[in-house]
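Before any comments, here is the structure.
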Amino acid sequence: YTAYLRRQADAAFRGDRNGGGQLYERQFGVVADDKQLLKSESRDSPDSWSRDGRYLAYEAVNDIWALPLTGDRKPIRIAGTASRETNSQISPDGHWIAYHSNLSGRQEIYSERYPELGDRQQISTGGGVRPLWSHDGRELFYINAARGFLSAELMAVPVKTVTTSFDVGTARLLFKVRMLPVQTNNRDYDVSLDGQRFLIGTTVGDARATPATIVLNWTSALGR
């Protein structure tokens, strides 16, 4: 399995079963069979849920698609050029989608109206991959790895979105981070609800660092 994603108590993932790249959904904490969302001959990978759970954005053959989870469930092609578009992230208000593409000759962050297509806008100017919206939709984060992932920078851009317009402010550097040079379609960081803390999943640091501790059944200690 690859590419787990959160949507309240559900996760979407690609399962390489019987060839192809079928998309599945699994509910946390429930013993049940995985639900197949999409059967495909290509190695499709999920990117993000819409906040209302109505759409799942995913990558297929270097293009971005959206899978409606109601109605006829016919996939919608969101972004498709001769270049590669990937790592799509639907905005909290559900009207815009951010992704990175090498359309300009190098990886940059773009936004586009969603699910109605149009109004493509380049967000980054000095290189950018792995976009991520703040939970309130007022900022768009991304990684600038123009000098390599060992000298990467976490950037933030203020944005103002409504249904038909997308205004972008000036990008600012939040902090530098040494990241493993994994495939650029793997977004290995996340932001807290208040936008003040980040979890970086593939940082490169001191090999002698203390290993992480995983606590199971931690909720049982809350009443003590």
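How things are named: the first chain in the structure tokens is A, the next is B, and so on; residues count from 1 in each chain; ligands count from 1 in the order shown.
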Each residue of range 115-143 of chain A lying at most 12 Å from range 43-61 of chain A should get a row with its shortest atom-to-atom pair and the distance in Å to one decimal, counting only C-alpha atoms; could you produce that, ordered by chain and increasing number, as JSON lines?
{"residue": "A:Pro115", "atom": "CA", "partner": "A:Tyr55", "partner_atom": "CA", "distance": 9.3}
{"residue": "A:Arg130", "atom": "CA", "partner": "A:Asp47", "partner_atom": "CA", "distance": 10.4}
{"residue": "A:Pro131", "atom": "CA", "partner": "A:Asp47", "partner_atom": "CA", "distance": 10.8}
{"residue": "A:Leu132", "atom": "CA", "partner": "A:Ser48", "partner_atom": "CA", "distance": 10.0}
{"residue": "A:Trp133", "atom": "CA", "partner": "A:Ser48", "partner_atom": "CA", "distance": 10.9}
{"residue": "A:His135", "atom": "CA", "partner": "A:Arg51", "partner_atom": "CA", "distance": 10.1}
{"residue": "A:Asp136", "atom": "CA", "partner": "A:Arg51", "partner_atom": "CA", "distance": 11.4}
{"residue": "A:Gly137", "atom": "CA", "partner": "A:Arg51", "partner_atom": "CA", "distance": 11.3}
Practice task
Please provide the set of residues having any atom within 12 Å of range 35-41 of chain A, restricted to only C-alpha atoms, with same-chain residues fewer than 3 positions apart removed, written as JSON, numbers by chain.
Solution key: {"A": [10, 11, 12, 13, 14, 15, 16, 17, 18, 19, 20, 21, 22, 23, 24, 25, 26, 27, 31, 32, 44, 45, 46, 55, 56, 57, 58, 59, 60, 61, 65, 66, 67, 68, 69, 70, 73, 74, 75]}
Take the residues from that selection and put them in a file with N, CA and C atoms, as an mmCIF file, in the first residue's frame.
data_model
loop_
_atom_site.group_PDB
_atom_site.id
_atom_site.type_symbol
_atom_site.label_atom_id
_atom_site.label_comp_id
_atom_site.auth_asym_id
_atom_site.auth_seq_id
_atom_site.Cartn_x
_atom_site.Cartn_y
_atom_site.Cartn_z
ATOM 1 N N ASP A 10 -11.242 8.209 7.699
ATOM 2 C CA ASP A 10 -11.004 7.364 6.542
ATOM 3 C C ASP A 10 -9.618 7.626 5.962
ATOM 4 N N ALA A 11 -9.125 6.671 5.203
ATOM 5 C CA ALA A 11 -7.868 6.831 4.492
ATOM 6 C C ALA A 11 -8.035 6.297 3.083
ATOM 7 N N ALA A 12 -7.443 7.000 2.118
ATOM 8 C CA ALA A 12 -7.403 6.515 0.748
ATOM 9 C C ALA A 12 -5.981 6.083 0.455
ATOM 10 N N PHE A 13 -5.837 5.037 -0.338
ATOM 11 C CA PHE A 13 -4.498 4.562 -0.661
ATOM 12 C C PHE A 13 -4.523 3.807 -1.974
ATOM 13 N N ARG A 14 -3.335 3.659 -2.547
ATOM 14 C CA ARG A 14 -3.198 2.863 -3.756
ATOM 15 C C ARG A 14 -2.811 1.455 -3.364
ATOM 16 N N GLY A 15 -3.544 0.506 -3.877
ATOM 17 C CA GLY A 15 -3.217 -0.889 -3.630
ATOM 18 C C GLY A 15 -2.831 -1.567 -4.925
ATOM 19 N N ASP A 16 -1.600 -2.053 -5.000
ATOM 20 C CA ASP A 16 -1.126 -2.714 -6.211
ATOM 21 C C ASP A 16 -1.558 -4.181 -6.177
ATOM 22 N N ARG A 17 -2.825 -4.398 -6.382
ATOM 23 C CA ARG A 17 -3.399 -5.737 -6.335
ATOM 24 C C ARG A 17 -3.816 -6.165 -7.730
ATOM 25 N N ASN A 18 -3.300 -7.315 -8.153
ATOM 26 C CA ASN A 18 -3.641 -7.863 -9.470
ATOM 27 C C ASN A 18 -3.269 -6.909 -10.597
ATOM 28 N N GLY A 19 -2.154 -6.190 -10.402
ATOM 29 C CA GLY A 19 -1.704 -5.264 -11.426
ATOM 30 C C GLY A 19 -2.437 -3.936 -11.362
ATOM 31 N N GLY A 20 -1.936 -2.936 -12.086
ATOM 32 C CA GLY A 20 -2.573 -1.619 -12.080
ATOM 33 C C GLY A 20 -2.357 -0.895 -10.768
ATOM 34 N N GLY A 21 -3.144 0.152 -10.552
ATOM 35 C CA GLY A 21 -3.003 0.937 -9.337
ATOM 36 C C GLY A 21 -4.354 1.321 -8.788
ATOM 37 N N GLN A 22 -5.113 0.352 -8.338
ATOM 38 C CA GLN A 22 -6.457 0.623 -7.860
ATOM 39 C C GLN A 22 -6.436 1.503 -6.615
ATOM 40 N N LEU A 23 -7.419 2.384 -6.502
ATOM 41 C CA LEU A 23 -7.566 3.239 -5.335
ATOM 42 C C LEU A 23 -8.583 2.620 -4.391
ATOM 43 N N TYR A 24 -8.230 2.595 -3.109
ATOM 44 C CA TYR A 24 -9.081 2.001 -2.083
ATOM 45 C C TYR A 24 -9.303 2.994 -0.952
ATOM 46 N N GLU A 25 -10.337 2.719 -0.177
ATOM 47 C CA GLU A 25 -10.651 3.495 1.025
ATOM 48 C C GLU A 25 -10.751 2.534 2.201
ATOM 49 N N ARG A 26 -10.204 2.955 3.337
ATOM 50 C CA ARG A 26 -10.276 2.145 4.549
ATOM 51 C C ARG A 26 -10.713 3.036 5.703
ATOM 52 N N GLN A 27 -11.613 2.540 6.505
ATOM 53 C CA GLN A 27 -12.096 3.278 7.665
ATOM 54 C C GLN A 27 -11.284 2.869 8.882
ATOM 55 N N VAL A 31 -13.201 -3.113 11.567
ATOM 56 C CA VAL A 31 -12.766 -4.334 10.890
ATOM 57 C C VAL A 31 -13.721 -4.591 9.727
ATOM 58 N N ALA A 32 -13.242 -4.321 8.534
ATOM 59 C CA ALA A 32 -14.071 -4.491 7.329
ATOM 60 C C ALA A 32 -13.158 -4.546 6.125
ATOM 61 N N ASP A 44 -2.228 4.732 -10.323
ATOM 62 C CA ASP A 44 -2.806 5.965 -9.791
ATOM 63 C C ASP A 44 -2.453 6.119 -8.316
ATOM 64 N N SER A 45 -2.243 7.375 -7.898
ATOM 65 C CA SER A 45 -1.892 7.652 -6.504
ATOM 66 C C SER A 45 -2.768 8.775 -5.965
ATOM 67 N N PRO A 46 -3.413 8.580 -4.809
ATOM 68 C CA PRO A 46 -4.257 9.635 -4.236
ATOM 69 C C PRO A 46 -3.415 10.780 -3.695
ATOM 70 N N TYR A 55 -14.928 14.707 -3.166
ATOM 71 C CA TYR A 55 -13.969 14.468 -4.231
ATOM 72 C C TYR A 55 -12.652 13.951 -3.656
ATOM 73 N N LEU A 56 -11.987 13.113 -4.433
ATOM 74 C CA LEU A 56 -10.638 12.660 -4.139
ATOM 75 C C LEU A 56 -9.760 13.035 -5.314
ATOM 76 N N ALA A 57 -8.766 13.898 -5.081
ATOM 77 C CA ALA A 57 -7.818 14.266 -6.128
ATOM 78 C C ALA A 57 -6.716 13.223 -6.179
ATOM 79 N N TYR A 58 -6.323 12.857 -7.379
ATOM 80 C CA TYR A 58 -5.292 11.835 -7.512
ATOM 81 C C TYR A 58 -4.480 12.063 -8.784
ATOM 82 N N GLU A 59 -3.322 11.416 -8.847
ATOM 83 C CA GLU A 59 -2.450 11.516 -10.017
ATOM 84 C C GLU A 59 -2.565 10.249 -10.847
ATOM 85 N N ALA A 60 -2.677 10.420 -12.159
ATOM 86 C CA ALA A 60 -2.718 9.290 -13.078
ATOM 87 C C ALA A 60 -1.970 9.665 -14.347
ATOM 88 N N VAL A 61 -0.916 8.940 -14.646
ATOM 89 C CA VAL A 61 -0.119 9.144 -15.859
ATOM 90 C C VAL A 61 0.306 10.615 -15.981
ATOM 91 N N TRP A 65 -6.345 14.296 -11.597
ATOM 92 C CA TRP A 65 -7.754 13.978 -11.790
ATOM 93 C C TRP A 65 -8.485 14.123 -10.468
ATOM 94 N N ALA A 66 -9.802 14.272 -10.563
ATOM 95 C CA ALA A 66 -10.646 14.273 -9.371
ATOM 96 C C ALA A 66 -11.698 13.197 -9.539
ATOM 97 N N LEU A 67 -11.870 12.390 -8.507
ATOM 98 C CA LEU A 67 -12.861 11.325 -8.527
ATOM 99 C C LEU A 67 -14.054 11.738 -7.685
ATOM 100 N N PRO A 68 -15.216 12.000 -8.306
ATOM 101 C CA PRO A 68 -16.418 12.284 -7.502
ATOM 102 C C PRO A 68 -16.839 11.014 -6.759
ATOM 103 N N LEU A 69 -17.216 11.146 -5.522
ATOM 104 C CA LEU A 69 -17.632 9.991 -4.737
ATOM 105 C C LEU A 69 -19.152 9.898 -4.633
ATOM 106 N N THR A 70 -19.841 10.709 -5.430
ATOM 107 C CA THR A 70 -21.294 10.638 -5.547
ATOM 108 C C THR A 70 -21.657 10.692 -7.032
ATOM 109 N N ARG A 73 -19.761 9.151 -10.616
ATOM 110 C CA ARG A 73 -18.389 8.820 -10.198
ATOM 111 C C ARG A 73 -17.428 8.774 -11.386
ATOM 112 N N LYS A 74 -17.678 9.595 -12.378
ATOM 113 C CA LYS A 74 -16.802 9.644 -13.541
ATOM 114 C C LYS A 74 -15.636 10.581 -13.252
ATOM 115 N N PRO A 75 -14.380 10.118 -13.369
ATOM 116 C CA PRO A 75 -13.218 10.971 -13.073
ATOM 117 C C PRO A 75 -13.189 12.226 -13.937
#
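With only C-alpha atoms as the atoms that count, the minimum distance from Tyr99 in chain A to the choices A:Asp119, A:Val129, A:Ala82, A:Val157 is reached by A:Val129.
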Problem - Å distance separating CA of Leu154 in chain A from CA of Thr86 in chain A, one decimal place - result: 18.4 Å
Practice task
For Thr164 in chain A, please output as a VMD selection string all residues within 10 Å (counting only C-alpha atoms; exclusion window: fewer than 6 positions along the same chain).
Solution key: chain A and resid 95 to 96 113 to 114 119
